[in-house]
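See below for the structure under consideration.
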Amino acid sequence: MKEYDLIVIGGGRASNLAFAAGKAEKRVALIEKDRLGGTCPNRGCVPSKLLIGYAEAARRVREAGRHFISAKIDRIDIERMIAETNGWIEGVDGRYEGRLPEGADLYRGTGRFVADHVVEVNGERLTAPRIVIATGTRPRPAPFPEVPAWTSDDLFPLKGNIPRSITIVGGGFIGCEVANFFEAVGVQTRLVVRGDRLLPAEDGDISRIFTEQFSKNVAVDLHTKVVAVDHNDGQFTIGLEKAAGEVQTHRSEALLFAIGRLPNTDQLGLENTGIELNRRGFIKRDGFLETSVPGVYALGDVGGEFLLQHAASYEVHYLRQRLLKGDPEPIDRGAMPHAVFSDPEVAAVGLTEEQVMESGRPHVVVMEDWRSSARAMSTRLDYPRTKLLVDPESHEILGCHLIGPEASTMIHQVLAVMRLDNDVRHLKEMIHIHPALPEALLAAGVKAVKQVRRHHQKKEM
């Protein structure tokens, strides 16, 4: 049995922990069954955002009329777009392997526990006092296994002919981002959703605005479920059941299901260990990211709290400090932000209004448009909004939700406030560049402080 100081199972973001440990002259084993880099650069965040750049360029031309400019698209070379993206993906594995320091061993295969601190890969057994599980998640499979429907894993890299039409099932961020791209570059696109709105995990007000605006570009079927799928001669025939019970037939060359993700814990041999899972199959861990087995840690998506690359990166940094430098403190992530890179763009941090209401915590709500910023006005869009939820006793920002151009960039100003000294008055007091987009946050901050003042005035009456 080969002995190491650290074993890392999963060569995604956690590979950075293995690299750091190797540079610190620790004996390290890194186990990866597929391509190094994990989901984000190979099948997720990065290639999908590369495609969104093309979608934004196409939309700017189509929507030039809003600015009194007549323009048209003569040709969209979608094959070149996909080829460029595929080319970037092909280089990911090599770039990661090239960073592997001397003294660190890379095992290409599936790691499986045979005991609490013993892992078998390719018939060889490895042991270490510290093991990190970072095996991530995978798309929930299509519910019609008899047909060649896609999941998001099939998009990157996309092989074969580009479809001229696609049906996408699922109204979460993956479904919306993918549908936004395909529609923008000229692929006939239809998005099918069981619920009454898109992005149902977002704040209700933001979700409703998103649904209304998104549906102006992409054909969306709400209150609809897929009840039958057939595939013949390169064409899908899809039965769509509407809310009233009627079944309509829709056809497209491609069919993609974006209906959630599952943890990659079922092939780890965890039944041979004392590692506990929650009811959804994710690994239970404490505030130090340690599992129920001392010395075994779970990192990233496999923990189930935040299926976000930036959350995994933060956890890698934390474990590096804890395992290599002895940091004794539990992890402190603060409020976890996220964004949806679609059209419209959405960004959020903290609680939704629905969550605050459920908690019973006192709060004031501000819903403010972006017209206070001339830069925002120049987009000639009237839907952008900032929503703030504030505790009137402490001025603490409980949640911030943005919808509009560059929302994912703008929200970082709020992230800094919430992390350093969570007080909405800072948004009101700081100097904002005039007339930049973040002046919209200034207006919301001013209004929130006024709302807090009114709250206290009512209490005193």
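Going through the structure tokens in order, the chains are called A, B, and so on, while each chain numbers its residues from 1 and the ligands are numbered from 1 in the order shown.
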
Item to check | Backbone-only DSSP, helix (DSSP H, G or I) members of range 217-305 of chain A, as a PyMOL selection string | outcome: chain A and resi 270-272+300-303

Next on the checklist: Please list as a PyMOL selection string every residue within 12 Å of Arg322 in chain A, counting only C-alpha atoms and excluding residues in the same chain fewer than 3 positions away.
Outcome noted: chain A and resi 17+21+130+287-290+295+297+315-319+325-331

Item to check | Selection near range 383-389 of chain A, 8 Å with only C-alpha atoms, sequence-local residues under 6 positions removed, as a ChimeraX atom specification | outcome: /A:209,213,351-353,363-370,397-405,440-441,444,448

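The space between CA of Tyr107 in chain A and CA of Leu30 in chain A spans 6.1 Å.
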
Could the residues of range 44-105 of chain A that have an atom at most 12 Å from range 187-191 of chain A be listed as CSV, each with its closest atom pair and the distance in Å to one decimal, counting only C-alpha atoms and ordered by chain and ascending residue number?
residue,atom,partner,partner_atom,distance
A:Ala55,CA,A:Val187,CA,11.2
A:Ile76,CA,A:Val187,CA,10.3
A:Asp77,CA,A:Val187,CA,11.6
A:Ile78,CA,A:Val187,CA,9.3
A:Glu79,CA,A:Val187,CA,11.9

Include C-alpha atoms and write out the residues we just selected as an mmCIF file, in the first residue's frame.
data_model
loop_
_atom_site.group_PDB
_atom_site.id
_atom_site.type_symbol
_atom_site.label_atom_id
_atom_site.label_comp_id
_atom_site.auth_asym_id
_atom_site.auth_seq_id
_atom_site.Cartn_x
_atom_site.Cartn_y
_atom_site.Cartn_z
ATOM 1 C CA ALA A 55 -24.982 35.751 -28.069
ATOM 2 C CA ILE A 76 -23.644 33.849 -38.192
ATOM 3 C CA ASP A 77 -20.851 31.287 -38.288
ATOM 4 C CA ILE A 78 -22.047 29.121 -35.416
ATOM 5 C CA GLU A 79 -19.717 26.303 -36.479
#

Checklist entry - Could you pull out the strand (DSSP E or B) residues of range 263-411 of chain A from DSSP and send them as a ChimeraX atom specification? => result /A:263,277,283,290,296-298,337-340,346-350,364-369,385-390,397-403

Expected file: the selected residues, N, CA and C atoms, as an mmCIF file, in the first residue's frame:
data_model
loop_
_atom_site.group_PDB
_atom_site.id
_atom_site.type_symbol
_atom_site.label_atom_id
_atom_site.label_comp_id
_atom_site.auth_asym_id
_atom_site.auth_seq_id
_atom_site.Cartn_x
_atom_site.Cartn_y
_atom_site.Cartn_z
ATOM 1 N N PRO A 263 -25.184 14.384 -6.886
ATOM 2 C CA PRO A 263 -23.821 14.305 -6.346
ATOM 3 C C PRO A 263 -23.090 13.058 -6.818
ATOM 4 N N LEU A 277 -23.979 10.564 4.528
ATOM 5 C CA LEU A 277 -24.605 11.367 3.485
ATOM 6 C C LEU A 277 -25.913 11.948 4.017
ATOM 7 N N ILE A 283 -22.486 14.770 0.825
ATOM 8 C CA ILE A 283 -21.708 14.381 2.004
ATOM 9 C C ILE A 283 -21.920 15.385 3.131
ATOM 10 N N GLU A 290 -14.974 19.015 7.435
ATOM 11 C CA GLU A 290 -14.611 17.643 7.774
ATOM 12 C C GLU A 290 -15.866 16.770 7.809
ATOM 13 N N VAL A 296 -11.000 13.183 6.968
ATOM 14 C CA VAL A 296 -11.550 13.112 5.616
ATOM 15 C C VAL A 296 -12.454 14.325 5.416
ATOM 16 N N TYR A 297 -12.194 15.080 4.367
ATOM 17 C CA TYR A 297 -12.885 16.343 4.118
ATOM 18 C C TYR A 297 -13.675 16.258 2.812
ATOM 19 N N ALA A 298 -14.725 17.062 2.734
ATOM 20 C CA ALA A 298 -15.523 17.164 1.510
ATOM 21 C C ALA A 298 -15.489 18.609 1.039
ATOM 22 N N PRO A 337 -22.767 34.903 -3.043
ATOM 23 C CA PRO A 337 -23.418 35.495 -4.222
ATOM 24 C C PRO A 337 -23.511 34.507 -5.379
ATOM 25 N N HIS A 338 -24.341 34.858 -6.336
ATOM 26 C CA HIS A 338 -24.407 34.077 -7.572
ATOM 27 C C HIS A 338 -24.932 34.983 -8.678
ATOM 28 N N ALA A 339 -24.812 34.518 -9.900
ATOM 29 C CA ALA A 339 -25.306 35.294 -11.044
ATOM 30 C C ALA A 339 -25.831 34.342 -12.107
ATOM 31 N N VAL A 340 -26.721 34.869 -12.932
ATOM 32 C CA VAL A 340 -27.236 34.144 -14.102
ATOM 33 C C VAL A 340 -26.845 34.968 -15.322
ATOM 34 N N VAL A 346 -28.837 38.479 -14.217
ATOM 35 C CA VAL A 346 -29.319 38.528 -12.834
ATOM 36 C C VAL A 346 -28.152 38.275 -11.894
ATOM 37 N N ALA A 347 -28.121 38.971 -10.765
ATOM 38 C CA ALA A 347 -27.140 38.698 -9.719
ATOM 39 C C ALA A 347 -27.811 38.882 -8.372
ATOM 40 N N ALA A 348 -27.398 38.092 -7.400
ATOM 41 C CA ALA A 348 -28.037 38.156 -6.088
ATOM 42 C C ALA A 348 -27.074 37.704 -5.006
ATOM 43 N N VAL A 349 -27.349 38.184 -3.788
ATOM 44 C CA VAL A 349 -26.615 37.743 -2.612
ATOM 45 C C VAL A 349 -27.562 37.822 -1.424
ATOM 46 N N GLY A 350 -27.455 36.854 -0.525
ATOM 47 C CA GLY A 350 -28.287 36.872 0.657
ATOM 48 C C GLY A 350 -29.660 36.275 0.438
ATOM 49 N N VAL A 364 -37.309 45.907 5.885
ATOM 50 C CA VAL A 364 -37.905 46.834 4.929
ATOM 51 C C VAL A 364 -37.448 46.417 3.543
ATOM 52 N N VAL A 365 -38.269 46.738 2.544
ATOM 53 C CA VAL A 365 -37.991 46.330 1.167
ATOM 54 C C VAL A 365 -37.913 47.555 0.279
ATOM 55 N N VAL A 366 -36.898 47.581 -0.562
ATOM 56 C CA VAL A 366 -36.747 48.643 -1.562
ATOM 57 C C VAL A 366 -36.678 47.989 -2.934
ATOM 58 N N MET A 367 -37.501 48.460 -3.840
ATOM 59 C CA MET A 367 -37.455 48.015 -5.235
ATOM 60 C C MET A 367 -37.279 49.269 -6.077
ATOM 61 N N GLU A 368 -36.092 49.458 -6.638
ATOM 62 C CA GLU A 368 -35.750 50.725 -7.288
ATOM 63 C C GLU A 368 -35.290 50.482 -8.720
ATOM 64 N N ASP A 369 -35.779 51.321 -9.641
ATOM 65 C CA ASP A 369 -35.297 51.211 -11.023
ATOM 66 C C ASP A 369 -33.921 51.862 -11.135
ATOM 67 N N ARG A 385 -33.744 46.614 -12.340
ATOM 68 C CA ARG A 385 -34.175 46.906 -10.988
ATOM 69 C C ARG A 385 -33.117 46.472 -9.972
ATOM 70 N N THR A 386 -33.118 47.174 -8.842
ATOM 71 C CA THR A 386 -32.372 46.773 -7.659
ATOM 72 C C THR A 386 -33.380 46.512 -6.552
ATOM 73 N N LYS A 387 -33.248 45.383 -5.895
ATOM 74 C CA LYS A 387 -34.104 45.079 -4.750
ATOM 75 C C LYS A 387 -33.224 44.864 -3.524
ATOM 76 N N LEU A 388 -33.489 45.619 -2.484
ATOM 77 C CA LEU A 388 -32.764 45.504 -1.222
ATOM 78 C C LEU A 388 -33.719 45.084 -0.121
ATOM 79 N N LEU A 389 -33.261 44.166 0.709
ATOM 80 C CA LEU A 389 -33.977 43.760 1.918
ATOM 81 C C LEU A 389 -33.076 44.113 3.094
ATOM 82 N N VAL A 390 -33.558 44.948 4.001
ATOM 83 C CA VAL A 390 -32.721 45.514 5.046
ATOM 84 C C VAL A 390 -33.372 45.322 6.411
ATOM 85 N N ILE A 397 -27.864 44.578 5.495
ATOM 86 C CA ILE A 397 -28.429 44.126 4.222
ATOM 87 C C ILE A 397 -28.675 42.628 4.330
ATOM 88 N N LEU A 398 -29.923 42.232 4.255
ATOM 89 C CA LEU A 398 -30.277 40.813 4.330
ATOM 90 C C LEU A 398 -30.213 40.155 2.957
ATOM 91 N N GLY A 399 -30.485 40.950 1.926
ATOM 92 C CA GLY A 399 -30.441 40.423 0.568
ATOM 93 C C GLY A 399 -30.392 41.550 -0.432
ATOM 94 N N CYS A 400 -29.707 41.302 -1.537
ATOM 95 C CA CYS A 400 -29.666 42.262 -2.640
ATOM 96 C C CYS A 400 -29.849 41.491 -3.933
ATOM 97 N N HIS A 401 -30.728 41.981 -4.790
ATOM 98 C CA HIS A 401 -31.072 41.285 -6.032
ATOM 99 C C HIS A 401 -31.097 42.298 -7.174
ATOM 100 N N LEU A 402 -30.339 42.003 -8.209
ATOM 101 C CA LEU A 402 -30.215 42.908 -9.352
ATOM 102 C C LEU A 402 -30.639 42.195 -10.626
ATOM 103 N N ILE A 403 -31.306 42.924 -11.496
ATOM 104 C CA ILE A 403 -31.580 42.431 -12.842
ATOM 105 C C ILE A 403 -31.343 43.579 -13.804
#
